[in-house]
Structures are given as structure tokens and as C-alpha cells.
Amino acid sequence: MKIITHECPECRTVVAANELEDNRVMKCPGRDCETVLRFDDLPEFDRDFFLENRDQYRL
Ligand SMILES: [Zn+2]
């Protein structure tokens, strides 16, 4: 299974796409980082792949 992640542009914390998709907009979980991450920040290719295969990402 392809793991889709998004890297915070400020602190390089890696967030899983399913967390982003659950929240749509979330504050970066990185320590002392106030960056807001959005599912829409993912590249379109990754978003499409995730949405087509989202059942695989449900644990
Ligand atoms: Zn961050």
C-alpha cells in the first residue's frame, strides 16, 4: 500500500494523509509549530489516489 504523507513546510513534521483527511484542516502536530496543514495542500495526484483508495487507509 502506498503511504501518503504530507510534510509540514515549516518544521518537516510528517503527517499521514488519513489524519489530514479526517480533519481537513489541522494544526501541525510538530512541537512549537503553529502551521496549519490542509488536506488540499497535498498534491492533486496524492489526493486523488487517497480518495480512490480510502478504504485501504481505514484501519
Ligand atoms: Zn510544522
# chains A, B, ... in the order shown; residues from 1 in each chain; ligands from 1
call {"tool": "residues_near_ligand", "arguments": {"ligand": "ligand 1", "cutoff": "8 Å", "atoms": "only C-alpha atoms and all ligand atoms", "output": "PDB file with N, CA and C atoms, in the first residue's frame"}}
result
ATOM      1  N   GLU A   7       4.383  16.677   4.417  1.00  0.00           N
ATOM      2  CA  GLU A   7       5.440  17.202   5.284  1.00  0.00           C
ATOM      3  C   GLU A   7       5.164  18.670   5.563  1.00  0.00           C
ATOM      4  N   CYS A   8       5.166  19.007   6.824  1.00  0.00           N
ATOM      5  CA  CYS A   8       4.982  20.403   7.195  1.00  0.00           C
ATOM      6  C   CYS A   8       6.089  21.242   6.558  1.00  0.00           C
ATOM      7  N   PRO A   9       5.734  22.308   5.858  1.00  0.00           N
ATOM      8  CA  PRO A   9       6.770  23.107   5.198  1.00  0.00           C
ATOM      9  C   PRO A   9       7.642  23.877   6.177  1.00  0.00           C
ATOM     10  N   GLU A  10       7.188  24.005   7.408  1.00  0.00           N
ATOM     11  CA  GLU A  10       7.962  24.784   8.386  1.00  0.00           C
ATOM     12  C   GLU A  10       8.904  23.916   9.201  1.00  0.00           C
ATOM     13  N   CYS A  11       8.384  22.811   9.739  1.00  0.00           N
ATOM     14  CA  CYS A  11       9.201  22.048  10.691  1.00  0.00           C
ATOM     15  C   CYS A  11       9.485  20.631  10.207  1.00  0.00           C
ATOM     16  N   ARG A  12       8.963  20.267   9.047  1.00  0.00           N
ATOM     17  CA  ARG A  12       9.247  18.952   8.450  1.00  0.00           C
ATOM     18  C   ARG A  12       8.613  17.792   9.198  1.00  0.00           C
ATOM     19  N   THR A  13       7.674  18.093  10.075  1.00  0.00           N
ATOM     20  CA  THR A  13       6.923  17.005  10.690  1.00  0.00           C
ATOM     21  C   THR A  13       6.072  16.341   9.614  1.00  0.00           C
ATOM     22  N   LYS A  27      -3.875  21.828  12.862  1.00  0.00           N
ATOM     23  CA  LYS A  27      -2.625  22.462  13.254  1.00  0.00           C
ATOM     24  C   LYS A  27      -1.526  21.416  13.195  1.00  0.00           C
ATOM     25  N   CYS A  28      -0.395  21.833  12.735  1.00  0.00           N
ATOM     26  CA  CYS A  28       0.743  20.923  12.667  1.00  0.00           C
ATOM     27  C   CYS A  28       1.008  20.314  14.046  1.00  0.00           C
ATOM     28  N   PRO A  29       1.191  18.992  14.115  1.00  0.00           N
ATOM     29  CA  PRO A  29       1.475  18.364  15.413  1.00  0.00           C
ATOM     30  C   PRO A  29       2.902  18.584  15.887  1.00  0.00           C
ATOM     31  N   GLY A  30       3.700  19.221  15.086  1.00  0.00           N
ATOM     32  CA  GLY A  30       5.090  19.451  15.477  1.00  0.00           C
ATOM     33  C   GLY A  30       5.198  20.348  16.700  1.00  0.00           C
ATOM     34  N   ARG A  31       6.204  20.085  17.476  1.00  0.00           N
ATOM     35  CA  ARG A  31       6.421  20.860  18.684  1.00  0.00           C
ATOM     36  C   ARG A  31       6.683  22.327  18.323  1.00  0.00           C
ATOM     37  N   ASP A  32       5.971  23.221  18.989  1.00  0.00           N
ATOM     38  CA  ASP A  32       6.171  24.665  18.805  1.00  0.00           C
ATOM     39  C   ASP A  32       5.931  25.123  17.369  1.00  0.00           C
ATOM     40  N   CYS A  33       5.146  24.384  16.640  1.00  0.00           N
ATOM     41  CA  CYS A  33       4.859  24.769  15.258  1.00  0.00           C
ATOM     42  C   CYS A  33       3.385  25.130  15.150  1.00  0.00           C
ATOM     43  N   GLU A  34       3.107  26.314  14.631  1.00  0.00           N
ATOM     44  CA  GLU A  34       1.726  26.795  14.542  1.00  0.00           C
ATOM     45  C   GLU A  34       1.192  26.714  13.113  1.00  0.00           C
ATOM     46  N   THR A  35       1.908  26.044  12.256  1.00  0.00           N
ATOM     47  CA  THR A  35       1.494  25.960  10.859  1.00  0.00           C
ATOM     48  C   THR A  35       0.186  25.178  10.740  1.00  0.00           C
ATOM     49  N   VAL A  36      -0.703  25.676   9.919  1.00  0.00           N
ATOM     50  CA  VAL A  36      -1.953  24.979   9.655  1.00  0.00           C
ATOM     51  C   VAL A  36      -1.794  24.166   8.374  1.00  0.00           C
TER      52      VAL A  36
END
call {"tool": "select_by_dssp", "arguments": {"residues": "chain A", "states": "strand (DSSP E or B)", "output": "PyMOL selection string"}}
result
chain A and resi 5-7+14-16+25-27+36-38
call {"tool": "residues_around", "arguments": {"residues": "His6 of chain A", "least_positions_apart": "4", "cutoff": "10 Å", "atoms": "only C-alpha atoms", "output": "list in words"}}
result
Arg12, Thr13, Val14, Val15, Ala16, Ala17, Glu19, Leu20, Leu37, Arg38, Phe39, Asp41, Leu42, Pro43 and Asp46 of chain A
call {"tool": "write_last_selection", "arguments": {"atoms": "N, CA and C atoms", "output": "CSV table (one decimal), in the first residue's frame"}}
result
chain,number,residue,atom,x,y,z
A,12,ARG,N,9.0,20.3,9.0
A,12,ARG,CA,9.2,19.0,8.5
A,12,ARG,C,8.6,17.8,9.2
A,13,THR,N,7.7,18.1,10.1
A,13,THR,CA,6.9,17.0,10.7
A,13,THR,C,6.1,16.3,9.6
A,14,VAL,N,6.0,15.0,9.6
A,14,VAL,CA,5.3,14.3,8.6
A,14,VAL,C,3.9,13.9,9.2
A,15,VAL,N,2.9,14.2,8.5
A,15,VAL,CA,1.5,13.9,8.9
A,15,VAL,C,0.9,12.9,7.8
A,16,ALA,N,0.2,11.9,8.3
A,16,ALA,CA,-0.4,10.9,7.4
A,16,ALA,C,-1.6,11.5,6.7
A,17,ALA,N,-1.8,11.2,5.5
A,17,ALA,CA,-2.9,11.7,4.7
A,17,ALA,C,-4.3,11.4,5.4
A,19,GLU,N,-5.0,11.3,8.5
A,19,GLU,CA,-5.2,12.3,9.5
A,19,GLU,C,-5.7,13.6,9.0
A,20,LEU,N,-5.0,14.0,7.9
A,20,LEU,CA,-5.4,15.3,7.2
A,20,LEU,C,-6.8,15.2,6.7
A,37,LEU,N,-2.1,22.9,8.5
A,37,LEU,CA,-2.0,22.0,7.4
A,37,LEU,C,-3.4,21.6,6.8
A,38,ARG,N,-3.5,21.6,5.6
A,38,ARG,CA,-4.8,21.3,4.9
A,38,ARG,C,-4.6,20.1,4.0
A,39,PHE,N,-5.7,19.3,4.0
A,39,PHE,CA,-5.7,18.2,3.0
A,39,PHE,C,-5.5,18.7,1.6
A,41,ASP,N,-3.5,20.8,0.7
A,41,ASP,CA,-2.1,21.1,0.4
A,41,ASP,C,-1.4,19.9,-0.2
A,42,LEU,N,-2.0,18.7,-0.1
A,42,LEU,CA,-1.4,17.5,-0.8
A,42,LEU,C,-1.4,17.8,-2.3
A,43,PRO,N,-0.5,17.2,-3.0
A,43,PRO,CA,-0.5,17.3,-4.4
A,43,PRO,C,-1.8,16.6,-5.0
A,46,ASP,N,-1.8,12.9,-5.2
A,46,ASP,CA,-1.9,12.1,-4.0
A,46,ASP,C,-3.3,12.2,-3.4
call {"tool": "select_by_dssp", "arguments": {"residues": "segment 5-59 of chain A", "states": "alpha helix (DSSP H)", "output": "list in words"}}
result
Ala17, Asn18, Glu19, Leu20, Glu21, Asp22, Asn23, Glu44, Phe45, Asp46, Arg47, Asp48, Phe49, Phe50, Leu51, Glu52, Arg54, Asp55, Gln56 and Tyr57 of chain A
